[in-house]
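The file my_file-v7.csv contains CSV, C-alpha atoms:
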chain,number,residue,atom,x,y,z
A,1,VAL,CA,130.9,-8.8,138.5
A,2,VAL,CA,134.2,-7.4,139.9
A,3,HIS,CA,134.4,-4.8,137.1
A,4,LYS,CA,130.8,-3.7,137.8
A,5,ALA,CA,131.4,-3.4,141.5
A,6,ILE,CA,134.4,-1.2,140.9
A,7,GLU,CA,132.4,1.0,138.5
A,8,LEU,CA,129.5,1.3,141.0
A,9,ARG,CA,132.0,2.2,143.8
A,10,ARG,CA,133.6,4.9,141.7
A,11,MET,CA,130.2,6.4,140.7
A,12,GLN,CA,129.1,6.5,144.3
A,13,SER,CA,132.1,8.6,145.1
A,14,VAL,CA,130.9,11.2,142.6
A,15,ARG,CA,128.6,14.0,143.9
A,16,ALA,CA,125.2,13.7,142.2
A,17,VAL,CA,124.5,16.8,140.2
A,18,PHE,CA,121.7,16.9,137.7
A,19,ASP,CA,119.9,19.8,136.1
A,20,GLN,CA,116.8,19.5,134.0
A,21,PRO,CA,117.5,19.9,130.2
A,22,GLU,CA,116.0,23.1,128.9
A,23,LYS,CA,116.5,22.7,125.1
A,24,PRO,CA,113.5,24.0,123.1
A,25,GLY,CA,111.2,21.2,121.9
A,26,GLU,CA,112.4,18.7,124.4
A,27,ASP,CA,110.3,17.6,127.4
A,28,PRO,CA,112.2,17.7,130.7
A,29,ILE,CA,111.9,14.9,133.2
A,30,ILE,CA,109.1,15.9,135.5
A,31,GLY,CA,108.7,14.8,139.1
A,32,HIS,CA,109.9,15.4,142.7
A,33,SER,CA,108.8,12.1,144.3
A,34,PRO,CA,111.3,10.1,146.2
A,35,ALA,CA,111.4,7.5,143.4
A,36,MET,CA,112.3,10.2,140.9
A,37,GLN,CA,114.9,11.8,143.2
A,38,GLU,CA,116.7,8.4,143.1
A,39,VAL,CA,116.5,8.5,139.3
A,40,TYR,CA,118.0,12.0,139.2
A,41,LYS,CA,120.8,10.9,141.5
A,42,ALA,CA,121.6,8.0,139.3
A,43,ILE,CA,121.7,10.2,136.2
A,44,GLY,CA,124.0,12.7,137.9
A,45,ARG,CA,126.4,10.0,139.0
A,46,ILE,CA,126.4,7.8,135.8
A,47,ALA,CA,126.3,10.4,133.1
A,48,PRO,CA,129.9,11.5,133.3
A,49,GLN,CA,131.2,7.9,133.5
A,50,ASP,CA,131.9,6.4,130.1
A,51,VAL,CA,130.1,3.1,130.7
A,52,ASN,CA,127.2,1.3,129.0
A,53,VAL,CA,123.8,1.8,130.7
A,54,LEU,CA,120.6,-0.3,130.8
A,55,ILE,CA,117.4,1.6,131.4
A,56,LEU,CA,114.5,-0.5,132.7
A,57,GLY,CA,110.8,0.5,132.9
A,58,GLU,CA,107.4,0.0,131.6
A,59,SER,CA,106.3,1.4,128.3
A,60,GLY,CA,105.6,5.1,128.5
A,61,THR,CA,107.7,5.9,131.6
A,62,GLY,CA,110.2,8.1,129.7
A,63,LYS,CA,113.2,5.9,129.1
A,64,GLU,CA,114.4,7.9,126.1
A,65,LEU,CA,114.2,11.1,128.2
A,66,VAL,CA,116.6,9.5,130.6
A,67,ALA,CA,118.9,8.4,127.8
A,68,ARG,CA,119.0,11.9,126.5
A,69,ALA,CA,119.7,13.3,129.9
A,70,LEU,CA,122.6,10.8,130.3
A,71,TYR,CA,123.9,12.0,127.0
A,72,GLN,CA,123.5,15.7,127.7
A,73,HIS,CA,125.4,15.5,130.9
A,74,SER,CA,128.2,13.2,129.6
A,75,ARG,CA,131.6,14.0,128.2
A,76,ARG,CA,130.2,13.1,124.7
A,77,ALA,CA,127.5,15.9,124.8
A,78,ASP,CA,129.2,17.7,121.9
A,79,ARG,CA,129.1,14.5,119.7
A,80,PRO,CA,126.1,12.8,118.0
A,81,PHE,CA,123.2,11.2,119.8
A,82,LEU,CA,121.3,8.7,117.7
A,83,ALA,CA,118.4,6.5,118.7
A,84,ILE,CA,116.9,3.3,117.2
A,85,ASN,CA,113.8,1.3,118.2
A,86,CYS,CA,114.3,-2.4,117.6
A,87,ALA,CA,110.6,-3.1,117.7
A,88,ALA,CA,109.9,-0.6,114.9
A,89,ILE,CA,112.3,-2.1,112.4
A,90,PRO,CA,112.1,-5.6,110.8
A,91,ASP,CA,114.9,-8.0,111.7
A,92,SER,CA,116.1,-8.1,108.1
A,93,LEU,CA,116.8,-4.3,108.1
A,94,LEU,CA,117.9,-3.8,111.7
A,95,GLU,CA,121.4,-5.1,111.2
A,96,SER,CA,121.9,-2.8,108.2
A,97,GLU,CA,120.6,0.2,110.2
A,98,LEU,CA,123.0,-0.5,113.1
A,99,PHE,CA,126.2,-1.6,111.2
A,100,GLY,CA,125.6,-0.3,107.7
A,101,HIS,CA,125.9,-2.2,104.4
A,102,GLU,CA,127.9,-2.5,101.3
A,103,LYS,CA,126.7,-1.9,97.7
A,104,GLY,CA,124.9,-5.0,96.4
A,105,SER,CA,124.8,-6.8,99.8
A,106,PHE,CA,121.1,-7.4,99.4
A,107,THR,CA,118.3,-6.6,96.9
A,108,GLY,CA,117.9,-2.8,96.8
A,109,ALA,CA,121.3,-2.0,98.2
A,110,GLN,CA,122.3,0.2,95.3
A,111,GLN,CA,125.0,2.0,97.2
A,112,ALA,CA,127.0,1.6,100.4
A,113,LYS,CA,125.5,3.1,103.5
A,114,PRO,CA,127.0,3.7,106.9
A,115,GLY,CA,125.1,2.4,110.0
A,116,LEU,CA,124.2,4.3,113.1
A,117,ILE,CA,127.2,3.0,114.9
A,118,GLU,CA,129.5,4.6,112.3
A,119,VAL,CA,127.5,7.8,112.2
A,120,ALA,CA,127.5,8.1,116.0
A,121,GLU,CA,131.3,7.9,116.2
A,122,SER,CA,132.6,9.3,119.6
A,123,GLY,CA,128.9,9.9,120.5
A,124,THR,CA,126.1,8.0,122.0
A,125,LEU,CA,123.7,5.4,120.6
A,126,PHE,CA,120.4,4.7,122.3
A,127,ILE,CA,119.0,1.2,121.5
A,128,ASP,CA,115.4,1.1,122.6
A,129,GLU,CA,113.4,-2.2,123.0
A,130,VAL,CA,116.7,-4.1,122.9
A,131,ALA,CA,114.9,-7.3,124.0
A,132,GLU,CA,113.2,-7.4,120.5
A,133,MET,CA,116.5,-7.9,118.8
A,134,ALA,CA,117.0,-11.3,117.1
A,135,PRO,CA,119.5,-13.7,118.7
A,136,ALA,CA,121.8,-13.6,115.7
A,137,LEU,CA,122.0,-9.8,115.8
A,138,GLN,CA,122.5,-9.9,119.6
A,139,ALA,CA,125.7,-11.9,119.0
A,140,LYS,CA,127.0,-9.2,116.6
A,141,LEU,CA,126.1,-6.4,119.0
A,142,LEU,CA,127.9,-8.3,121.8
A,143,ARG,CA,131.1,-8.5,119.7
A,144,PHE,CA,130.9,-4.7,119.1
A,145,LEU,CA,130.5,-4.0,122.8
A,146,GLU,CA,133.5,-6.1,123.7
A,147,ASP,CA,136.1,-4.6,121.4
A,148,GLY,CA,134.4,-1.9,119.3
A,149,ARG,CA,134.8,-3.9,116.1
A,150,TYR,CA,132.1,-4.7,113.5
A,151,ARG,CA,131.5,-5.3,109.8
A,152,ARG,CA,129.0,-3.8,107.5
A,153,VAL,CA,126.4,-6.2,106.0
A,154,GLY,CA,128.0,-7.8,103.0
A,155,GLY,CA,131.4,-6.4,103.8
A,156,THR,CA,134.7,-8.1,104.6
A,157,LYS,CA,136.6,-5.1,106.0
A,158,GLU,CA,136.6,-4.9,109.8
A,159,CYS,CA,135.7,-1.5,111.1
A,160,GLN,CA,136.1,0.0,114.6
A,161,ALA,CA,134.0,2.7,116.4
A,162,ASN,CA,134.1,4.4,119.7
A,163,VAL,CA,130.4,4.7,120.8
A,164,ARG,CA,128.7,4.7,124.2
A,165,VAL,CA,125.7,2.5,124.1
A,166,ILE,CA,122.6,3.1,126.2
A,167,ALA,CA,119.9,0.4,125.9
A,168,ALA,CA,116.4,0.2,127.2
A,169,THR,CA,113.6,-2.4,127.5
A,170,ASN,CA,110.2,-2.8,129.1
A,171,LYS,CA,110.7,-6.5,129.5
A,172,ARG,CA,112.4,-8.5,132.4
A,173,LEU,CA,115.6,-9.6,130.7
A,174,GLU,CA,116.1,-12.3,133.3
A,175,ASP,CA,112.8,-13.9,132.1
A,176,GLU,CA,113.9,-13.4,128.5
A,177,GLN,CA,117.2,-15.2,129.2
A,178,LYS,CA,115.4,-18.2,130.7
A,179,ALA,CA,113.1,-18.4,127.7
A,180,GLY,CA,116.2,-18.4,125.4
A,181,ARG,CA,115.3,-15.1,123.7
A,182,PHE,CA,118.1,-13.0,125.1
A,183,ARG,CA,121.8,-13.8,125.5
A,184,GLU,CA,123.1,-13.9,129.0
A,185,ASP,CA,126.5,-12.5,128.0
A,186,LEU,CA,124.9,-9.6,126.2
A,187,PHE,CA,122.8,-8.8,129.3
A,188,TYR,CA,126.0,-8.6,131.4
A,189,ARG,CA,127.7,-6.4,128.9
A,190,LEU,CA,124.8,-4.0,128.7
A,191,ASN,CA,124.0,-4.0,132.4
A,192,VAL,CA,127.2,-2.4,133.6
A,193,VAL,CA,124.9,0.1,135.4
A,194,ALA,CA,121.0,0.0,135.4
A,195,ILE,CA,118.5,2.7,136.0
A,196,GLU,CA,114.9,1.5,136.7
A,197,LEU,CA,112.1,4.0,136.1
A,198,PRO,CA,109.1,3.8,138.4
A,199,PRO,CA,105.7,3.5,136.8
A,200,LEU,CA,103.4,6.5,137.2
A,201,ARG,CA,101.1,4.6,139.7
A,202,GLU,CA,104.0,4.5,142.1
A,203,ARG,CA,104.6,8.2,142.0
A,204,ARG,CA,101.1,9.6,141.9
A,205,GLY,CA,102.3,12.8,143.7
A,206,ASP,CA,104.0,13.8,140.4
A,207,ILE,CA,100.7,13.8,138.5
A,208,PRO,CA,99.7,17.4,139.2
A,209,ALA,CA,103.1,18.7,138.0
A,210,LEU,CA,102.9,16.5,134.9
A,211,VAL,CA,99.4,17.7,134.1
A,212,GLU,CA,100.5,21.4,134.4
A,213,HIS,CA,103.5,20.7,132.2
A,214,PHE,CA,101.5,19.1,129.4
A,215,LEU,CA,98.7,21.7,129.5
A,216,THR,CA,101.4,24.4,129.2
A,217,THR,CA,103.6,22.8,126.6
A,218,ARG,CA,100.9,21.1,124.5
A,219,PRO,CA,98.0,23.5,124.5
A,220,LEU,CA,95.1,22.8,122.1
A,221,GLY,CA,92.6,25.5,121.1
A,222,THR,CA,92.5,29.1,122.0
A,223,VAL,CA,91.4,28.7,125.6
A,224,ARG,CA,93.9,28.0,128.4
A,225,HIS,CA,92.5,24.9,130.0
A,226,GLN,CA,92.6,24.1,133.7
A,227,VAL,CA,91.7,21.0,135.6
A,228,ARG,CA,89.0,21.1,138.3
A,229,PRO,CA,89.9,19.6,141.7
A,230,ASP,CA,87.6,16.6,141.3
A,231,ALA,CA,89.1,15.8,137.9
A,232,MET,CA,92.6,16.1,139.3
A,233,GLN,CA,91.7,13.7,142.0
A,234,ALA,CA,90.4,11.3,139.4
A,235,LEU,CA,93.6,11.6,137.5
A,236,CYS,CA,95.6,10.9,140.6
A,237,ASN,CA,93.5,7.9,141.5
A,238,TYR,CA,93.8,6.2,138.1
A,239,ALA,CA,96.4,3.4,137.7
A,240,TRP,CA,97.8,4.6,134.4
A,241,PRO,CA,98.9,1.4,132.7
A,242,GLY,CA,100.3,3.4,129.8
A,243,ASN,CA,102.2,5.7,132.3
A,244,VAL,CA,103.2,9.2,131.4
A,245,ARG,CA,102.6,8.7,127.7
A,246,GLU,CA,98.9,7.7,128.4
A,247,LEU,CA,98.5,10.8,130.7
A,248,ALA,CA,99.7,13.1,127.9
A,249,ASN,CA,97.3,11.5,125.4
A,250,VAL,CA,94.4,11.7,127.8
A,251,LEU,CA,95.1,15.4,128.4
A,252,GLU,CA,95.2,16.1,124.6
A,253,ARG,CA,91.9,14.4,124.1
A,254,ALA,CA,90.3,16.2,127.0
A,255,GLN,CA,91.4,19.6,125.7
A,256,ILE,CA,89.7,18.8,122.4
A,257,LEU,CA,86.4,17.7,124.1
A,258,ALA,CA,86.3,20.2,126.9
A,259,GLU,CA,84.4,23.4,126.6
A,260,ASN,CA,86.1,25.3,129.4
A,261,SER,CA,87.9,23.6,132.3
A,262,LEU,CA,88.7,19.9,132.1
What does this structure look like when you write it as structure tokens?
Amino acid sequence: VVHKAIELRRMQSVRAVFDQPEKPGEDPIIGHSPAMQEVYKAIGRIAPQDVNVLILGESGTGKELVARALYQHSRRADRPFLAINCAAIPDSLLESELFGHEKGSFTGAQQAKPGLIEVAESGTLFIDEVAEMAPALQAKLLRFLEDGRYRRVGGTKECQANVRVIAATNKRLEDEQKAGRFREDLFYRLNVVAIELPPLRERRGDIPALVEHFLTTRPLGTVRHQVRPDAMQALCNYAWPGNVRELANVLERAQILAENSL
């Protein structure tokens, strides 16, 4: 708690500067609502500080975009950025993906393979849906976060890596702890600083800008589609349980079905 308080105090003394990423093929973070302004300030203050970050928010709110922004504005921006989604990989393979494995460590391991932690040396590792990680693997991740040491699956040699970890989840980790599904000590280690992304229904004023962005960057067909005022009002009134991801999908489908304006 004391360490976290010191880090927060130090970050608050840093002027918040955050420019939108302009790399080709990457979506910027769109929004000028007060809630998003707070997110930008947090990114600007936290990015240069070499601490672990926990990104919280519902599915589809753009947690990976924030992780990439933290990386791009960090001191590790010239080093690798690697991402892994714990919900997309079976538990039996997730440990190997993170820490690597030695030849013959399991069926099909015909040669040694470095894990993402090793490949991301001196860079940043983004662990999405971290709450889906099995308890046994949580303990190994905790050990790595404490001293940077780890072992490949099936290996006896202790390795060490210098990697900044950014984790994200759409679950309430406090509830996961009470249910015995997430380690309390790992939560404290990851949650040095947290950024919470607002759901789209709490920043409806950003919807017109998001619509314009998606129609510009993801056009379908030969006609440049525009949204009628009544349709835009309907978009702004909708609750968007799937958040920005759902909005992008709806606009793609609408472009396919629309004859002229949406």
- request: Within 10 Å of segment 181-194 of chain A, counting only C-alpha atoms, which residues show up once you throw out same-chain ones fewer than 5 positions away? Write them as JSON, numbers by chain, please.
  value: {"A": [1, 3, 4, 5, 7, 8, 11, 42, 46, 51, 52, 53, 54, 55, 56, 130, 131, 132, 133, 134, 135, 136, 138, 139, 140, 141, 142, 143, 145, 146, 165, 166, 167, 168, 173, 174, 175, 176]}
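Going from atom CA of Gly205 of chain A over to atom CA of Ile30 of chain A, you cover 11.1 Å.
Take atom CA of Glu158 of chain A and atom CA of Ala109 of chain A: the distance between them is 19.4 Å.
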- request: Between A:Thr169, A:Ser122, A:Gln49, A:Ser96, single out the one closest to Glu196 of chain A, counting all atoms listed in the file.
  value: A:Thr169
query: Any idea what's packed within 8 Å of Phe99 of chain A, counting all atoms listed in the file, ignoring anything in its chain fewer than 3 positions away? Could you give it as a list in words?
result: Glu95, Ser96, Pro114, Gly115, Leu116, Ile117, Glu118, Tyr150, Arg151, Arg152 and Val153 of chain A
Box dimensions and centre (Å, one decimal) enclosing segment 117-128 of chain A, axis-aligned, 3 Å extra per side, as lines of an AutoDock Vina configuration file:
center_x = 124.0
center_y = 5.5
center_z = 117.4
size_x = 23.2
size_y = 14.8
size_z = 16.4
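Going from atom CA of Leu82 of chain A over to atom CA of Gln111 of chain A, you cover 21.9 Å.
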Restrict the calculation to all atoms listed in the file, then for each residue of segment 153-218 of chain A with any atom at most 8 Å from an atom of segment 239-252 of chain A give the closest atom pair and their distance in Å to one decimal, rows by chain and rising residue number, as a Markdown table.
| residue | atom | partner | partner_atom | distance |
| --- | --- | --- | --- | --- |
| A:Pro199 | CA | A:Asn243 | CA | 6.1 |
| A:Leu200 | CA | A:Asn243 | CA | 5.1 |
| A:Arg201 | CA | A:Ala239 | CA | 5.2 |
| A:Val211 | CA | A:Leu251 | CA | 7.5 |
| A:Phe214 | CA | A:Ala248 | CA | 6.4 |
| A:Leu215 | CA | A:Leu251 | CA | 7.3 |
| A:Arg218 | CA | A:Glu252 | CA | 7.6 |
